[in-house]
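Please read the structure below before turning to the comments.
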Amino acid sequence: MQQLPDLWRILENIHWALVGAMALRAYAPERLTQDIDIVIQAHEEQAARLAFTAAGYRIGHPLLIGGFTAHAPDDTGYSIDVLALKEPWLNEALSHLEYDLAGFPVLPRQFLILMKLQAGRAQDIADITRLLRQANQTERSTARTVVATYAPDLLDDFDALVVLTDLEFGTR
């Protein structure tokens, strides 16, 4: 398991969760990554910037989707992409966190699937199939409800990914 910096100490008063490759380790076998992706509420972005700066991180350029990158103090640790979002579902997601084996907060599977579906990059689609592969029917149904509620235009894509996952890996 890849080791993370002490984000609990750095972000002590900020609600956050893992959302990138490291978030997958709560639900599926971990995949290697060169950075850490976390999500916070947009209104906490300035506080997060100050917290990372106080911890010795260098703040990089803004992210196109909102947020920033925090570079490790010695440039040998992970850079941290801090996604600062205003999504209508984020408060609910941050209120029902799951935890990986190391005890780090992770978005619930259904919201991680939604977020990756909205991003739509090739790696995000691959991650969704990994998340669906490990999900039981109840978890899949919950994810479908979340997609239908917050991104109904992506429901056909979600359904297609369920079919493709089952074709590739078999049904659970």
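Residue numbering restarts at 1 for every chain of the structure tokens, chains are lettered A, B, ... in their displayed order, and ligands are numbered from 1 as they appear.
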If you take only C-alpha atoms and a cut-off of 7 Å, which residues of segment 20-47 of chain A touch segment 60-83 of chain A, and what are their nearest atom pairs and distances in Å to one decimal, in chain and number order, as a Markdown table?
```
| residue | atom | partner | partner_atom | distance |
| --- | --- | --- | --- | --- |
| A:Gln34 | CA | A:Tyr78 | CA | 6.5 |
| A:Asp35 | CA | A:Ser79 | CA | 5.1 |
| A:Ile36 | CA | A:Ile80 | CA | 4.7 |
| A:Asp37 | CA | A:Asp81 | CA | 4.8 |
| A:Ile38 | CA | A:Val82 | CA | 5.2 |
| A:Val39 | CA | A:Leu83 | CA | 4.6 |
| A:Ile40 | CA | A:Leu83 | CA | 6.2 |
| A:Glu45 | CA | A:Gly67 | CA | 6.7 |
```
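Using only C-alpha atoms, the contacts of Arg133 of chain A at a cut-off of 8 Å, with sequence neighbours closer than 2 positions omitted, comprise Thr129, Arg130, Leu131, Ala135, Thr165, Asp166, Phe169 and Arg172 of chain A.
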Counting only C-alpha atoms, which residues in segment 66-152 of chain A sit no more than 7 Å from segment 10-26 of chain A? For each one, give the nearest pair of atoms and the distance in Å, sorted by chain then residue number, as JSON lines.
```
{"residue": "A:Tyr99", "atom": "CA", "partner": "A:Ala26", "partner_atom": "CA", "distance": 6.5}
{"residue": "A:Asp100", "atom": "CA", "partner": "A:Ala26", "partner_atom": "CA", "distance": 4.2}
{"residue": "A:Leu101", "atom": "CA", "partner": "A:Ala26", "partner_atom": "CA", "distance": 6.6}
{"residue": "A:Pro105", "atom": "CA", "partner": "A:Ala17", "partner_atom": "CA", "distance": 4.9}
{"residue": "A:Val106", "atom": "CA", "partner": "A:Leu18", "partner_atom": "CA", "distance": 4.7}
{"residue": "A:Leu107", "atom": "CA", "partner": "A:Ala17", "partner_atom": "CA", "distance": 5.8}
{"residue": "A:Leu112", "atom": "CA", "partner": "A:Val19", "partner_atom": "CA", "distance": 6.6}
```
message = Which of segment 6-145 of chain A end up as helix (DSSP H, G or I) when DSSP is run on this backbone - answer as a VMD selection string?
response = chain A and resid 7 to 10 21 to 24 42 to 54 90 to 95 109 to 119 122 to 133 137 to 145
Give me a file of those residues, with C-alpha atoms, as a compact mmCIF listing (two decimals), in the first residue's frame.
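For reference, result_24.txt as written:
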```txt
# COMPACT_ATOMS: atom_id res chain seq x y z
CA LEU A 7 -3.23 14.83 5.52
CA TRP A 8 -5.16 14.60 8.80
CA ARG A 9 -2.60 16.91 10.41
CA ILE A 10 -2.31 19.25 7.42
CA ALA A 21 -6.18 6.20 -7.75
CA MET A 22 -5.60 5.93 -4.02
CA ALA A 23 -9.34 6.09 -3.37
CA LEU A 24 -9.78 2.89 -5.34
CA ALA A 42 -14.95 25.06 -3.00
CA HIS A 43 -15.55 27.40 -0.06
CA GLU A 44 -12.66 25.70 1.80
CA GLU A 45 -10.09 26.21 -0.97
CA GLN A 46 -8.38 29.23 0.60
CA ALA A 47 -8.12 27.48 3.98
CA ALA A 48 -6.61 24.42 2.26
CA ARG A 49 -4.07 26.58 0.41
CA LEU A 50 -3.02 28.16 3.72
CA ALA A 51 -2.84 24.76 5.43
CA PHE A 52 -0.59 23.28 2.75
CA THR A 53 1.60 26.39 2.70
CA ALA A 54 1.97 26.22 6.51
CA LEU A 90 -20.56 16.83 -2.54
CA ASN A 91 -21.96 17.70 0.88
CA GLU A 92 -23.87 14.40 1.00
CA ALA A 93 -20.81 12.48 -0.18
CA LEU A 94 -18.52 14.07 2.42
CA SER A 95 -21.10 13.28 5.12
CA ARG A 109 -18.37 4.22 -4.10
CA GLN A 110 -21.51 5.67 -5.72
CA PHE A 111 -20.15 9.22 -5.60
CA LEU A 112 -16.70 8.15 -6.76
CA ILE A 113 -18.37 6.50 -9.75
CA LEU A 114 -20.41 9.65 -10.41
CA MET A 115 -17.35 11.88 -10.21
CA LYS A 116 -15.33 9.65 -12.53
CA LEU A 117 -18.25 9.35 -14.96
CA GLN A 118 -18.53 13.15 -15.08
CA ALA A 119 -14.78 13.46 -15.72
CA ALA A 122 -10.02 7.01 -20.22
CA GLN A 123 -8.47 6.25 -16.80
CA ASP A 124 -11.68 7.32 -15.05
CA ILE A 125 -13.72 4.93 -17.22
CA ALA A 126 -11.26 2.12 -16.43
CA ASP A 127 -11.58 2.97 -12.73
CA ILE A 128 -15.38 2.80 -12.96
CA THR A 129 -15.18 -0.75 -14.34
CA ARG A 130 -12.88 -1.69 -11.46
CA LEU A 131 -15.36 -0.19 -8.99
CA LEU A 132 -18.31 -1.94 -10.65
CA ARG A 133 -16.47 -5.25 -10.81
CA GLN A 137 -26.15 -5.52 -6.94
CA THR A 138 -27.22 -3.23 -4.10
CA GLU A 139 -24.11 -1.08 -4.50
CA ARG A 140 -24.64 -0.93 -8.27
CA SER A 141 -28.27 0.06 -7.79
CA THR A 142 -27.25 2.80 -5.34
CA ALA A 143 -24.68 4.10 -7.84
CA ARG A 144 -27.30 4.08 -10.61
CA THR A 145 -29.69 6.09 -8.41
```
key: strand (DSSP E or B) positions in segment 3-98 of chain A, given as a list in words   =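 Selecting the strand (DSSP E or B) positions of segment 3-98 of chain A gives Ala17, Leu18, Asp35, Ile36, Asp37, Ile38, Val39, Ile40, Gln41, Arg58, Ile59, Gly60, His61, Pro62, Gly67, Phe68, Thr69, Ala70, His71, Ser79, Ile80, Asp81, Val82, Leu83, Ala84, Leu85 and Glu98 of chain A.
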Put those residues in a file: N, CA and C atoms, as a PDB file, in the first residue's frame.
```
ATOM      1  N   ALA A  17     -11.629  14.141   1.164  1.00  0.00           N
ATOM      2  CA  ALA A  17     -11.643  12.705   0.908  1.00  0.00           C
ATOM      3  C   ALA A  17     -10.760  12.403  -0.290  1.00  0.00           C
ATOM      4  N   LEU A  18     -10.188  11.216  -0.293  1.00  0.00           N
ATOM      5  CA  LEU A  18      -9.443  10.748  -1.457  1.00  0.00           C
ATOM      6  C   LEU A  18     -10.420  10.486  -2.592  1.00  0.00           C
ATOM      7  N   ASP A  35       0.558  10.851  -7.987  1.00  0.00           N
ATOM      8  CA  ASP A  35       0.031  11.973  -7.222  1.00  0.00           C
ATOM      9  C   ASP A  35      -1.138  11.499  -6.373  1.00  0.00           C
ATOM     10  N   ILE A  36      -1.587  12.377  -5.531  1.00  0.00           N
ATOM     11  CA  ILE A  36      -2.734  12.109  -4.668  1.00  0.00           C
ATOM     12  C   ILE A  36      -3.824  13.082  -5.084  1.00  0.00           C
ATOM     13  N   ASP A  37      -5.043  12.589  -5.239  1.00  0.00           N
ATOM     14  CA  ASP A  37      -6.182  13.441  -5.564  1.00  0.00           C
ATOM     15  C   ASP A  37      -7.130  13.441  -4.382  1.00  0.00           C
ATOM     16  N   ILE A  38      -7.455  14.650  -3.920  1.00  0.00           N
ATOM     17  CA  ILE A  38      -8.455  14.776  -2.860  1.00  0.00           C
ATOM     18  C   ILE A  38      -9.503  15.775  -3.326  1.00  0.00           C
ATOM     19  N   VAL A  39     -10.661  15.722  -2.681  1.00  0.00           N
ATOM     20  CA  VAL A  39     -11.733  16.666  -2.982  1.00  0.00           C
ATOM     21  C   VAL A  39     -12.105  17.398  -1.704  1.00  0.00           C
ATOM     22  N   ILE A  40     -12.395  18.682  -1.873  1.00  0.00           N
ATOM     23  CA  ILE A  40     -12.892  19.525  -0.783  1.00  0.00           C
ATOM     24  C   ILE A  40     -14.014  20.388  -1.341  1.00  0.00           C
ATOM     25  N   GLN A  41     -14.758  21.013  -0.451  1.00  0.00           N
ATOM     26  CA  GLN A  41     -15.759  21.989  -0.871  1.00  0.00           C
ATOM     27  C   GLN A  41     -15.042  23.236  -1.385  1.00  0.00           C
ATOM     28  N   ARG A  58       4.513  23.792  -1.652  1.00  0.00           N
ATOM     29  CA  ARG A  58       4.511  24.881  -2.621  1.00  0.00           C
ATOM     30  C   ARG A  58       3.236  24.748  -3.444  1.00  0.00           C
ATOM     31  N   ILE A  59       2.484  25.824  -3.569  1.00  0.00           N
ATOM     32  CA  ILE A  59       1.222  25.812  -4.313  1.00  0.00           C
ATOM     33  C   ILE A  59       1.504  26.053  -5.785  1.00  0.00           C
ATOM     34  N   GLY A  60       1.002  25.163  -6.629  1.00  0.00           N
ATOM     35  CA  GLY A  60       1.198  25.274  -8.068  1.00  0.00           C
ATOM     36  C   GLY A  60       0.050  26.002  -8.739  1.00  0.00           C
ATOM     37  N   HIS A  61      -0.023  25.822 -10.029  1.00  0.00           N
ATOM     38  CA  HIS A  61      -1.051  26.482 -10.831  1.00  0.00           C
ATOM     39  C   HIS A  61      -2.443  25.952 -10.480  1.00  0.00           C
ATOM     40  N   PRO A  62      -3.460  26.775 -10.716  1.00  0.00           N
ATOM     41  CA  PRO A  62      -4.841  26.324 -10.488  1.00  0.00           C
ATOM     42  C   PRO A  62      -5.194  25.166 -11.426  1.00  0.00           C
ATOM     43  N   GLY A  67      -9.569  24.255  -7.996  1.00  0.00           N
ATOM     44  CA  GLY A  67      -8.622  23.743  -7.023  1.00  0.00           C
ATOM     45  C   GLY A  67      -7.190  24.063  -7.422  1.00  0.00           C
ATOM     46  N   PHE A  68      -6.244  23.297  -6.884  1.00  0.00           N
ATOM     47  CA  PHE A  68      -4.829  23.587  -7.081  1.00  0.00           C
ATOM     48  C   PHE A  68      -4.008  22.327  -6.816  1.00  0.00           C
ATOM     49  N   THR A  69      -2.727  22.410  -7.150  1.00  0.00           N
ATOM     50  CA  THR A  69      -1.786  21.343  -6.825  1.00  0.00           C
ATOM     51  C   THR A  69      -0.863  21.836  -5.728  1.00  0.00           C
ATOM     52  N   ALA A  70      -0.666  20.998  -4.715  1.00  0.00           N
ATOM     53  CA  ALA A  70       0.285  21.287  -3.643  1.00  0.00           C
ATOM     54  C   ALA A  70       1.479  20.354  -3.834  1.00  0.00           C
ATOM     55  N   HIS A  71       2.659  20.940  -3.998  1.00  0.00           N
ATOM     56  CA  HIS A  71       3.875  20.164  -4.232  1.00  0.00           C
ATOM     57  C   HIS A  71       4.595  19.937  -2.907  1.00  0.00           C
ATOM     58  N   SER A  79       2.816  14.898  -5.091  1.00  0.00           N
ATOM     59  CA  SER A  79       2.090  16.156  -5.248  1.00  0.00           C
ATOM     60  C   SER A  79       0.628  15.828  -4.971  1.00  0.00           C
ATOM     61  N   ILE A  80      -0.103  16.815  -4.510  1.00  0.00           N
ATOM     62  CA  ILE A  80      -1.492  16.595  -4.124  1.00  0.00           C
ATOM     63  C   ILE A  80      -2.377  17.514  -4.951  1.00  0.00           C
ATOM     64  N   ASP A  81      -3.231  16.915  -5.773  1.00  0.00           N
ATOM     65  CA  ASP A  81      -4.224  17.689  -6.507  1.00  0.00           C
ATOM     66  C   ASP A  81      -5.430  17.863  -5.601  1.00  0.00           C
ATOM     67  N   VAL A  82      -5.728  19.106  -5.270  1.00  0.00           N
ATOM     68  CA  VAL A  82      -6.845  19.428  -4.382  1.00  0.00           C
ATOM     69  C   VAL A  82      -7.974  19.942  -5.264  1.00  0.00           C
ATOM     70  N   LEU A  83      -8.979  19.108  -5.480  1.00  0.00           N
ATOM     71  CA  LEU A  83     -10.119  19.484  -6.302  1.00  0.00           C
ATOM     72  C   LEU A  83     -11.124  20.211  -5.416  1.00  0.00           C
ATOM     73  N   ALA A  84     -11.340  21.477  -5.688  1.00  0.00           N
ATOM     74  CA  ALA A  84     -12.270  22.298  -4.912  1.00  0.00           C
ATOM     75  C   ALA A  84     -13.544  22.443  -5.738  1.00  0.00           C
ATOM     76  N   LEU A  85     -14.574  21.697  -5.357  1.00  0.00           N
ATOM     77  CA  LEU A  85     -15.781  21.608  -6.170  1.00  0.00           C
ATOM     78  C   LEU A  85     -16.991  22.239  -5.499  1.00  0.00           C
ATOM     79  N   GLU A  98     -16.352   6.657   3.398  1.00  0.00           N
ATOM     80  CA  GLU A  98     -15.808   5.331   3.670  1.00  0.00           C
ATOM     81  C   GLU A  98     -14.343   5.553   4.049  1.00  0.00           C
TER      82      GLU A  98
END
```
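Counting only C-alpha atoms, the residue from A:Asp156, A:Leu161, A:Tyr27, A:Asp6 that sits nearest to Pro108 of chain A is A:Tyr27.
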message = I'd like to know which of A:Ala55, A:Asn136, A:Pro5, A:Pro88 is closest to Thr171 of chain A, using only C-alpha atoms.
response =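 Residue with the minimum atom-to-atom distance to Thr171 of chain A: A:Asn136.
For the pair atom CA of Pro29 of chain A and atom CA of Ala148 of chain A, the interatomic distance is 27.1 Å.
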ask   = Separation of atom CA of Tyr150 of chain A and atom CA of Gly120 of chain A, in Å?
value =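 Atom-to-atom, atom CA of Tyr150 of chain A to atom CA of Gly120 of chain A, that is 15.1 Å.
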key: Straight-line distance linking atom CA of Leu97 of chain A with atom CA of Leu155 of chain A, stated in Å to one decimal   = 23.3 Å
request  = Would you please work out which residue, of A:Leu164, A:Trp89, A:Arg121, A:Ala28, is nearest to Val146 of chain A when using only C-alpha atoms?
outcome  =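 Ranked by minimum distance to Val146 of chain A, first place goes to A:Trp89.
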